[in-house]
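What's in query-v2.cif: mmCIF, N, CA and C atoms
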data_run
#
loop_
_atom_site.label_atom_id
_atom_site.label_comp_id
_atom_site.auth_asym_id
_atom_site.auth_seq_id
_atom_site.Cartn_x
_atom_site.Cartn_y
_atom_site.Cartn_z
N MET A 1115 192.45 -116.46 28.71
CA MET A 1115 192.88 -116.86 27.39
C MET A 1115 194.26 -117.49 27.51
N LEU A 1116 194.40 -118.63 26.88
CA LEU A 1116 195.68 -119.33 26.84
C LEU A 1116 196.22 -119.26 25.42
N VAL A 1117 197.45 -118.77 25.27
CA VAL A 1117 198.08 -118.68 23.96
C VAL A 1117 199.30 -119.58 23.98
N ASN A 1118 199.30 -120.56 23.08
CA ASN A 1118 200.44 -121.45 22.94
C ASN A 1118 201.24 -120.97 21.74
N HIS A 1119 202.47 -120.50 22.00
CA HIS A 1119 203.30 -119.93 20.94
C HIS A 1119 204.02 -121.02 20.14
N THR A 1120 204.21 -122.17 20.74
CA THR A 1120 204.87 -123.27 20.04
C THR A 1120 203.95 -123.90 19.01
N LYS A 1121 202.71 -124.19 19.43
CA LYS A 1121 201.73 -124.83 18.54
C LYS A 1121 200.86 -123.80 17.81
N LYS A 1122 200.97 -122.55 18.20
CA LYS A 1122 200.25 -121.42 17.58
C LYS A 1122 198.73 -121.58 17.65
N TYR A 1123 198.24 -121.67 18.87
CA TYR A 1123 196.78 -121.65 19.07
C TYR A 1123 196.43 -120.73 20.22
N ILE A 1124 195.17 -120.31 20.20
CA ILE A 1124 194.60 -119.47 21.25
C ILE A 1124 193.36 -120.19 21.76
N PHE A 1125 193.29 -120.41 23.06
CA PHE A 1125 192.08 -120.95 23.64
C PHE A 1125 191.40 -119.84 24.45
N VAL A 1126 190.16 -119.54 24.11
CA VAL A 1126 189.40 -118.55 24.84
C VAL A 1126 188.38 -119.27 25.71
N HIS A 1127 188.40 -118.94 26.98
CA HIS A 1127 187.54 -119.57 27.98
C HIS A 1127 186.22 -118.80 28.07
N VAL A 1128 185.19 -119.37 27.47
CA VAL A 1128 183.85 -118.81 27.61
C VAL A 1128 183.30 -119.33 28.94
N PRO A 1129 182.83 -118.46 29.83
CA PRO A 1129 182.34 -118.92 31.13
C PRO A 1129 181.21 -119.94 31.01
N LYS A 1130 181.25 -120.94 31.88
CA LYS A 1130 180.23 -121.96 32.00
C LYS A 1130 180.17 -122.88 30.78
N CYS A 1131 181.32 -123.08 30.11
CA CYS A 1131 181.37 -123.95 28.93
C CYS A 1131 182.49 -124.98 29.03
N GLY A 1132 182.87 -125.36 30.25
CA GLY A 1132 183.91 -126.37 30.43
C GLY A 1132 185.32 -125.84 30.24
N GLY A 1133 185.47 -124.54 30.20
CA GLY A 1133 186.76 -123.93 29.89
C GLY A 1133 187.86 -124.22 30.88
N THR A 1134 187.53 -124.35 32.15
CA THR A 1134 188.57 -124.63 33.14
C THR A 1134 189.22 -125.98 32.85
N THR A 1135 188.41 -126.98 32.54
CA THR A 1135 188.93 -128.31 32.24
C THR A 1135 189.75 -128.28 30.95
N VAL A 1136 189.26 -127.61 29.93
CA VAL A 1136 189.99 -127.51 28.66
C VAL A 1136 191.32 -126.81 28.89
N GLN A 1137 191.29 -125.69 29.57
CA GLN A 1137 192.51 -124.92 29.81
C GLN A 1137 193.53 -125.72 30.61
N GLU A 1138 193.07 -126.41 31.66
CA GLU A 1138 193.99 -127.22 32.46
C GLU A 1138 194.60 -128.34 31.62
N THR A 1139 193.81 -128.95 30.76
CA THR A 1139 194.30 -130.02 29.89
C THR A 1139 195.37 -129.48 28.94
N LEU A 1140 195.07 -128.36 28.29
CA LEU A 1140 196.04 -127.77 27.36
C LEU A 1140 197.30 -127.29 28.08
N LEU A 1141 197.14 -126.73 29.26
CA LEU A 1141 198.31 -126.27 30.04
C LEU A 1141 199.21 -127.45 30.41
N LYS A 1142 198.61 -128.54 30.87
CA LYS A 1142 199.41 -129.72 31.25
C LYS A 1142 200.21 -130.22 30.05
N HIS A 1143 199.57 -130.32 28.90
CA HIS A 1143 200.28 -130.78 27.71
C HIS A 1143 201.38 -129.79 27.32
N SER A 1144 201.11 -128.50 27.41
CA SER A 1144 202.10 -127.48 27.06
C SER A 1144 203.30 -127.53 27.98
N ILE A 1145 203.03 -127.66 29.27
CA ILE A 1145 204.11 -127.68 30.27
C ILE A 1145 204.96 -128.93 30.09
N PHE A 1146 204.32 -130.10 29.97
CA PHE A 1146 205.08 -131.35 29.82
C PHE A 1146 205.88 -131.39 28.53
N ALA A 1147 205.40 -130.73 27.49
CA ALA A 1147 206.10 -130.70 26.21
C ALA A 1147 207.11 -129.55 26.16
N ASN A 1148 207.21 -128.80 27.28
CA ASN A 1148 208.13 -127.66 27.37
C ASN A 1148 207.85 -126.63 26.28
N GLU A 1149 206.58 -126.36 26.05
CA GLU A 1149 206.18 -125.40 25.03
C GLU A 1149 206.06 -124.01 25.63
N GLU A 1150 206.21 -123.02 24.77
CA GLU A 1150 206.10 -121.63 25.20
C GLU A 1150 204.63 -121.21 25.14
N PHE A 1151 204.13 -120.64 26.23
CA PHE A 1151 202.74 -120.19 26.25
C PHE A 1151 202.61 -118.96 27.12
N THR A 1152 201.50 -118.24 26.95
CA THR A 1152 201.19 -117.05 27.74
C THR A 1152 199.77 -117.18 28.23
N MET A 1153 199.56 -116.83 29.48
CA MET A 1153 198.21 -116.80 30.06
C MET A 1153 197.77 -115.35 30.14
N TYR A 1154 196.56 -115.09 29.71
CA TYR A 1154 195.96 -113.77 29.81
C TYR A 1154 194.81 -113.83 30.80
N GLU A 1155 194.14 -112.72 30.99
CA GLU A 1155 192.99 -112.67 31.87
C GLU A 1155 192.08 -113.86 31.58
N PHE A 1156 191.50 -114.42 32.62
CA PHE A 1156 190.75 -115.67 32.55
C PHE A 1156 189.71 -115.67 31.43
N HIS A 1157 188.83 -114.69 31.38
CA HIS A 1157 187.76 -114.65 30.39
C HIS A 1157 187.99 -113.50 29.41
N THR A 1158 188.96 -113.67 28.54
CA THR A 1158 189.28 -112.65 27.55
C THR A 1158 188.58 -112.97 26.25
N SER A 1159 188.23 -111.96 25.51
CA SER A 1159 187.54 -112.13 24.23
C SER A 1159 188.52 -112.27 23.08
N LEU A 1160 188.12 -113.01 22.05
CA LEU A 1160 188.93 -113.08 20.83
C LEU A 1160 188.95 -111.73 20.12
N LEU A 1161 188.10 -110.82 20.55
CA LEU A 1161 188.05 -109.50 19.94
C LEU A 1161 189.05 -108.53 20.57
N CYS A 1162 189.74 -108.94 21.64
CA CYS A 1162 190.72 -108.05 22.26
C CYS A 1162 191.93 -107.89 21.32
N ASP A 1163 192.68 -106.82 21.52
CA ASP A 1163 193.80 -106.51 20.64
C ASP A 1163 194.84 -107.63 20.58
N ALA A 1164 195.18 -108.21 21.73
CA ALA A 1164 196.20 -109.27 21.75
C ALA A 1164 195.75 -110.46 20.92
N ALA A 1165 194.50 -110.89 21.10
CA ALA A 1165 193.99 -112.03 20.34
C ALA A 1165 193.98 -111.74 18.85
N ARG A 1166 193.56 -110.55 18.48
CA ARG A 1166 193.53 -110.17 17.06
C ARG A 1166 194.93 -110.21 16.44
N GLU A 1167 195.93 -109.78 17.20
CA GLU A 1167 197.31 -109.81 16.70
C GLU A 1167 197.78 -111.24 16.47
N TYR A 1168 197.50 -112.13 17.42
CA TYR A 1168 197.89 -113.53 17.25
C TYR A 1168 197.17 -114.17 16.08
N ILE A 1169 195.89 -113.90 15.92
CA ILE A 1169 195.12 -114.45 14.81
C ILE A 1169 195.68 -113.96 13.48
N ALA A 1170 196.06 -112.70 13.44
CA ALA A 1170 196.66 -112.13 12.22
C ALA A 1170 197.99 -112.82 11.90
N GLN A 1171 198.67 -113.35 12.92
CA GLN A 1171 199.94 -114.05 12.73
C GLN A 1171 199.73 -115.54 12.41
N GLY A 1172 198.48 -115.97 12.31
CA GLY A 1172 198.20 -117.35 11.92
C GLY A 1172 197.89 -118.30 13.06
N TYR A 1173 197.72 -117.78 14.27
CA TYR A 1173 197.35 -118.65 15.39
C TYR A 1173 195.91 -119.13 15.19
N THR A 1174 195.64 -120.37 15.59
CA THR A 1174 194.31 -120.95 15.46
C THR A 1174 193.50 -120.67 16.73
N PRO A 1175 192.38 -119.97 16.60
CA PRO A 1175 191.52 -119.74 17.78
C PRO A 1175 190.58 -120.93 18.00
N ILE A 1176 190.49 -121.37 19.25
CA ILE A 1176 189.58 -122.47 19.60
C ILE A 1176 188.72 -122.06 20.79
N VAL A 1177 187.52 -122.61 20.84
CA VAL A 1177 186.58 -122.28 21.90
C VAL A 1177 185.60 -123.43 22.09
N PHE A 1178 185.16 -123.63 23.31
CA PHE A 1178 184.06 -124.54 23.60
C PHE A 1178 182.84 -123.70 23.92
N VAL A 1179 181.69 -124.10 23.38
CA VAL A 1179 180.43 -123.42 23.64
C VAL A 1179 179.44 -124.41 24.25
N ARG A 1180 178.29 -123.89 24.65
CA ARG A 1180 177.31 -124.72 25.35
C ARG A 1180 175.91 -124.25 24.99
N ASP A 1181 174.96 -125.15 25.08
CA ASP A 1181 173.56 -124.77 24.87
C ASP A 1181 173.27 -123.55 25.74
N PRO A 1182 172.74 -122.47 25.17
CA PRO A 1182 172.57 -121.22 25.93
C PRO A 1182 171.66 -121.37 27.15
N TYR A 1183 170.66 -122.23 27.07
CA TYR A 1183 169.75 -122.39 28.21
C TYR A 1183 170.44 -123.09 29.38
N THR A 1184 171.14 -124.17 29.10
CA THR A 1184 171.84 -124.86 30.20
C THR A 1184 172.99 -124.02 30.71
N ARG A 1185 173.60 -123.23 29.83
CA ARG A 1185 174.67 -122.32 30.27
C ARG A 1185 174.11 -121.27 31.23
N PHE A 1186 172.95 -120.72 30.90
CA PHE A 1186 172.34 -119.72 31.76
C PHE A 1186 172.00 -120.31 33.13
N VAL A 1187 171.44 -121.52 33.12
CA VAL A 1187 171.09 -122.18 34.39
C VAL A 1187 172.35 -122.42 35.20
N SER A 1188 173.41 -122.88 34.56
CA SER A 1188 174.67 -123.11 35.26
C SER A 1188 175.22 -121.81 35.85
N ALA A 1189 175.16 -120.74 35.07
CA ALA A 1189 175.64 -119.44 35.56
C ALA A 1189 174.80 -118.97 36.73
N TYR A 1190 173.51 -119.12 36.60
CA TYR A 1190 172.60 -118.70 37.68
C TYR A 1190 172.90 -119.50 38.95
N GLN A 1191 173.08 -120.80 38.81
CA GLN A 1191 173.39 -121.63 39.98
C GLN A 1191 174.72 -121.22 40.61
N GLN A 1192 175.71 -120.91 39.78
CA GLN A 1192 177.00 -120.48 40.31
C GLN A 1192 176.86 -119.16 41.05
N ILE A 1193 176.15 -118.24 40.44
CA ILE A 1193 175.97 -116.93 41.06
C ILE A 1193 175.21 -117.07 42.38
N MET A 1194 174.19 -117.89 42.39
CA MET A 1194 173.43 -118.11 43.63
C MET A 1194 174.33 -118.72 44.70
N TYR A 1195 175.22 -119.60 44.30
CA TYR A 1195 176.14 -120.22 45.25
C TYR A 1195 177.14 -119.20 45.77
N MET A 1196 177.60 -118.32 44.88
CA MET A 1196 178.66 -117.38 45.25
C MET A 1196 178.16 -116.14 45.97
N THR A 1197 176.90 -115.88 45.93
CA THR A 1197 176.36 -114.68 46.56
C THR A 1197 175.28 -115.06 47.56
N ARG A 1198 174.80 -114.05 48.25
CA ARG A 1198 173.66 -114.29 49.14
C ARG A 1198 172.45 -114.68 48.31
N VAL A 1199 171.52 -115.31 48.91
CA VAL A 1199 170.29 -115.66 48.22
C VAL A 1199 169.40 -114.43 48.21
N TYR A 1200 168.97 -114.06 47.00
CA TYR A 1200 168.13 -112.88 46.82
C TYR A 1200 166.68 -113.32 46.65
N PRO A 1201 165.74 -112.44 46.98
CA PRO A 1201 164.32 -112.83 46.93
C PRO A 1201 163.81 -113.13 45.53
N ASN A 1202 164.45 -112.58 44.51
CA ASN A 1202 164.04 -112.88 43.14
C ASN A 1202 165.19 -112.59 42.19
N VAL A 1203 165.05 -113.00 40.95
CA VAL A 1203 166.13 -112.87 39.98
C VAL A 1203 166.45 -111.40 39.69
N HIS A 1204 165.46 -110.51 39.74
CA HIS A 1204 165.70 -109.09 39.47
C HIS A 1204 166.60 -108.47 40.53
N ALA A 1205 166.35 -108.84 41.78
CA ALA A 1205 167.20 -108.34 42.87
C ALA A 1205 168.63 -108.87 42.71
N LEU A 1206 168.75 -110.12 42.30
CA LEU A 1206 170.07 -110.71 42.10
C LEU A 1206 170.81 -109.99 40.96
N VAL A 1207 170.16 -109.80 39.82
CA VAL A 1207 170.79 -109.13 38.68
C VAL A 1207 171.19 -107.70 39.05
N HIS A 1208 170.34 -107.00 39.80
CA HIS A 1208 170.67 -105.64 40.24
C HIS A 1208 171.96 -105.66 41.07
N GLU A 1209 172.07 -106.59 41.99
CA GLU A 1209 173.26 -106.67 42.84
C GLU A 1209 174.49 -107.05 42.02
N LEU A 1210 174.33 -107.97 41.07
CA LEU A 1210 175.46 -108.37 40.23
C LEU A 1210 175.94 -107.20 39.37
N LYS A 1211 175.02 -106.41 38.86
CA LYS A 1211 175.41 -105.22 38.09
C LYS A 1211 176.17 -104.25 38.99
N ARG A 1212 175.67 -104.08 40.21
CA ARG A 1212 176.33 -103.17 41.16
C ARG A 1212 177.76 -103.62 41.43
N LYS A 1213 177.96 -104.95 41.51
CA LYS A 1213 179.29 -105.49 41.79
C LYS A 1213 180.08 -105.77 40.52
N ASN A 1214 179.48 -105.46 39.36
CA ASN A 1214 180.13 -105.68 38.07
C ASN A 1214 180.54 -107.14 37.88
N TYR A 1215 179.63 -108.05 38.18
CA TYR A 1215 179.91 -109.48 38.03
C TYR A 1215 178.86 -110.12 37.12
N LEU A 1216 178.86 -109.74 35.86
CA LEU A 1216 177.91 -110.31 34.91
C LEU A 1216 178.59 -111.15 33.83
N MET A 1217 179.89 -111.34 33.93
CA MET A 1217 180.63 -112.08 32.90
C MET A 1217 180.02 -113.46 32.61
N PRO A 1218 179.63 -114.25 33.61
CA PRO A 1218 179.04 -115.56 33.29
C PRO A 1218 177.72 -115.46 32.52
N LEU A 1219 177.08 -114.31 32.56
CA LEU A 1219 175.82 -114.13 31.86
C LEU A 1219 175.99 -113.48 30.49
N ALA A 1220 177.20 -113.08 30.15
CA ALA A 1220 177.43 -112.44 28.84
C ALA A 1220 177.21 -113.47 27.73
N PRO A 1221 176.66 -113.04 26.61
CA PRO A 1221 176.44 -113.97 25.49
C PRO A 1221 177.76 -114.57 25.01
N MET A 1222 177.72 -115.80 24.55
CA MET A 1222 178.95 -116.47 24.08
C MET A 1222 179.61 -115.67 22.96
N HIS A 1223 178.81 -115.02 22.13
CA HIS A 1223 179.34 -114.24 21.02
C HIS A 1223 180.25 -113.10 21.51
N PHE A 1224 180.04 -112.64 22.74
CA PHE A 1224 180.89 -111.62 23.34
C PHE A 1224 182.35 -112.09 23.41
N PHE A 1225 182.55 -113.39 23.61
CA PHE A 1225 183.89 -113.95 23.76
C PHE A 1225 184.49 -114.41 22.43
N THR A 1226 183.63 -114.76 21.47
CA THR A 1226 184.13 -115.32 20.22
C THR A 1226 184.14 -114.31 19.08
N GLY A 1227 183.11 -113.47 18.99
CA GLY A 1227 183.02 -112.52 17.89
C GLY A 1227 182.93 -113.23 16.56
N PRO A 1228 182.96 -112.48 15.49
CA PRO A 1228 182.91 -113.07 14.15
C PRO A 1228 184.32 -113.35 13.62
N ILE A 1229 185.02 -114.28 14.23
CA ILE A 1229 186.42 -114.55 13.89
C ILE A 1229 186.50 -115.66 12.84
N LYS A 1230 187.19 -115.38 11.74
CA LYS A 1230 187.40 -116.40 10.71
C LYS A 1230 188.36 -117.46 11.23
N GLY A 1231 188.09 -118.70 10.86
CA GLY A 1231 188.97 -119.79 11.25
C GLY A 1231 188.76 -120.29 12.66
N LEU A 1232 187.75 -119.77 13.35
CA LEU A 1232 187.49 -120.18 14.72
C LEU A 1232 187.04 -121.64 14.75
N LYS A 1233 187.71 -122.43 15.57
CA LYS A 1233 187.36 -123.85 15.76
C LYS A 1233 186.44 -123.93 16.97
N ILE A 1234 185.20 -124.34 16.74
CA ILE A 1234 184.19 -124.37 17.79
C ILE A 1234 183.86 -125.81 18.15
N PHE A 1235 183.87 -126.08 19.46
CA PHE A 1235 183.54 -127.40 19.98
C PHE A 1235 182.41 -127.24 20.99
N LYS A 1236 181.58 -128.28 21.10
CA LYS A 1236 180.42 -128.20 21.98
C LYS A 1236 180.67 -128.94 23.29
N LEU A 1237 180.33 -128.30 24.38
CA LEU A 1237 180.46 -128.92 25.69
C LEU A 1237 179.64 -130.21 25.77
N GLU A 1238 178.51 -130.22 25.09
CA GLU A 1238 177.64 -131.40 25.12
C GLU A 1238 178.31 -132.63 24.50
N ASP A 1239 179.35 -132.43 23.71
CA ASP A 1239 180.13 -133.52 23.12
C ASP A 1239 181.59 -133.35 23.54
N PHE A 1240 181.77 -133.11 24.84
CA PHE A 1240 183.07 -132.72 25.37
C PHE A 1240 184.16 -133.75 25.06
N ARG A 1241 183.89 -135.02 25.32
CA ARG A 1241 184.93 -136.05 25.15
C ARG A 1241 185.48 -136.03 23.72
N ASN A 1242 184.60 -136.06 22.74
CA ASN A 1242 185.06 -136.03 21.35
C ASN A 1242 185.74 -134.71 21.01
N GLY A 1243 185.21 -133.60 21.56
CA GLY A 1243 185.79 -132.30 21.28
C GLY A 1243 187.20 -132.16 21.80
N ILE A 1244 187.43 -132.57 23.04
CA ILE A 1244 188.78 -132.43 23.62
C ILE A 1244 189.76 -133.35 22.92
N ILE A 1245 189.30 -134.53 22.51
CA ILE A 1245 190.17 -135.43 21.74
C ILE A 1245 190.53 -134.80 20.40
N GLN A 1246 189.57 -134.17 19.75
CA GLN A 1246 189.85 -133.49 18.48
C GLN A 1246 190.86 -132.36 18.66
N VAL A 1247 190.70 -131.59 19.74
CA VAL A 1247 191.64 -130.50 20.01
C VAL A 1247 193.04 -131.04 20.24
N LEU A 1248 193.17 -132.07 21.05
CA LEU A 1248 194.48 -132.65 21.33
C LEU A 1248 195.11 -133.21 20.05
N ASP A 1249 194.31 -133.90 19.24
CA ASP A 1249 194.80 -134.43 17.96
C ASP A 1249 195.22 -133.31 17.02
N MET A 1250 194.41 -132.24 16.97
CA MET A 1250 194.68 -131.12 16.08
C MET A 1250 196.07 -130.53 16.31
N PHE A 1251 196.51 -130.52 17.57
CA PHE A 1251 197.80 -129.91 17.89
C PHE A 1251 198.88 -130.92 18.21
N GLY A 1252 198.62 -132.19 17.88
CA GLY A 1252 199.65 -133.22 17.97
C GLY A 1252 199.98 -133.67 19.38
N TYR A 1253 199.01 -133.55 20.31
CA TYR A 1253 199.26 -134.03 21.66
C TYR A 1253 198.86 -135.51 21.76
N PRO A 1254 199.53 -136.25 22.63
CA PRO A 1254 199.18 -137.68 22.81
C PRO A 1254 197.84 -137.83 23.51
#
Render the structure in this file as structure tokens.
Amino acid sequence: MLVNHTKKYIFVHVPKCGGTTVQETLLKHSIFANEEFTMYEFHTSLLCDAAREYIAQGYTPIVFVRDPYTRFVSAYQQIMYMTRVYPNVHALVHELKRKNYLMPLAPMHFFTGPIKGLKIFKLEDFRNGIIQVLDMFGYP
């Protein structure tokens, strides 16, 4: 989670939804503009206490989401790349549970929750979405 204190926004990185690119873009703009920001754990939920406090203070929460089927395939491909090849998906899921590495498979709602004022952008329309985000916070 990236929190920009100058522009008062929170970006939550939902796994497999282009979040690394979004976060790097926002960080570059924040650093070059000499803005104050805080980085939290990579895949933090808007439901965590810190996020709720910022939202209560008027920070704008933003998130990128993705078609759930293509997101699942992307997560599966990443997991297969990062781990040994298992004979079937059940064996893979069992091993991932054992290693507590299921975050990429968690539902998107786990990261966003029912937050009022949440600005949602779609990975499938990434170019327009990132331009809207940059415009929303006055970045060039």
So that each row is one residue of region 1125-1174 of chain A with an atom at most 8 Å from region 1233-1242 of chain A, can you give its shortest atom pair and the distance in Å to one decimal, using all atoms listed in the file, rows by chain and rising number, as a tab-separated table?
residue	atom	partner	partner_atom	distance
A:Lys1130	C	A:Leu1237	CA	7.9
A:Cys1131	C	A:Leu1237	CA	5.5
A:Gly1132	N	A:Leu1237	CA	6.3
A:Thr1174	C	A:Lys1233	N	6.2
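Atom pair atom C of Gly1133 (chain A) / CA of Pro1221 (chain A) has a distance of 16.3 Å (rounded to one decimal).
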Determine the residue set returned by the PyMOL selection byres ((chain A and resi 1159) around 7) for the present structure, and present it as a PyMOL selection string. chain A and resi 1115+1126+1157-1158+1160-1162+1165+1224-1227
Taking every listed atom of region 1154-1172 of chain A and adding 6 Å to each side, what centre and edge lengths in Å (one decimal) does the axis-aligned box have, as AutoDock Vina command-line options?
--center_x 193.7 --center_y -112.4 --center_z 22.3 --size_x 24.4 --size_y 23.8 --size_z 32.7
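For the pair CA of Glu1150 (chain A) and atom C of Pro1129 (chain A), the interatomic distance is 25.6 Å.
Distances from A:Ala1147, A:Pro1175, A:Val1128, A:Thr1152 to Leu1232 (chain A) were compared using only N, CA and C atoms, and the smallest one belongs to A:Pro1175.
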A straight line from atom N of Phe1125 (chain A) to atom C of Leu1210 (chain A) spans 27.2 Å
Practice prompt. For each of A:Val1247, A:Ala1170, A:Met1153, A:Ile1145, take the minimum atom-to-atom distance to Val1117 (chain A), counting all atoms listed in the file, then give the residue where this is smallest.
Written response: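 So, comparing all the options, the nearest one is A:Met1153.
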Legend entry - Nearest to Ile1176 (chain A) by atom-to-atom distance, counting only C-alpha atoms, from A:Ile1193, A:Ile1244, A:His1119, A:Leu1141: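 The answer is A:Ile1244, which sits nearest to Ile1176 (chain A).
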Please return, as a ChimeraX atom specification, all residues of region 1119-1251 of chain A that DSSP assigns to strand (DSSP E or B) on the basis of the backbone. /A:1123-1126,1151-1153,1174-1179,1233-1236
- Identify all residues of chain A in helix (DSSP H, G or I) (DSSP on the backbone) and supply them as a ChimeraX atom specification. /A:1133-1146,1163-1170,1182-1196,1203-1212,1217-1219,1222-1226,1237-1250
Nearest residue to Ile1169 (chain A) from the set A:Ile1124, A:Leu1116, A:Met1222, A:Met1194 (distances using only C-alpha atoms):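 Using only C-alpha atoms, Ile1169 (chain A) sits closest to A:Ile1124.
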**Prompt:** Could you tell me, as a ChimeraX atom specification, which residues have any atom at most 7 Å from (196.9, -132.5, 25.5), counting all atoms listed in the file?
**Reply:** /A:1139-1144,1247-1249,1252-1254
Point to revise | Proximity to Phe1251 (chain A) - best of A:Phe1186, A:Tyr1168, A:Lys1121, A:Leu1206, only N, CA and C atoms | key: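 Checking each candidate against Phe1251 (chain A), we get A:Lys1121 as the closest.
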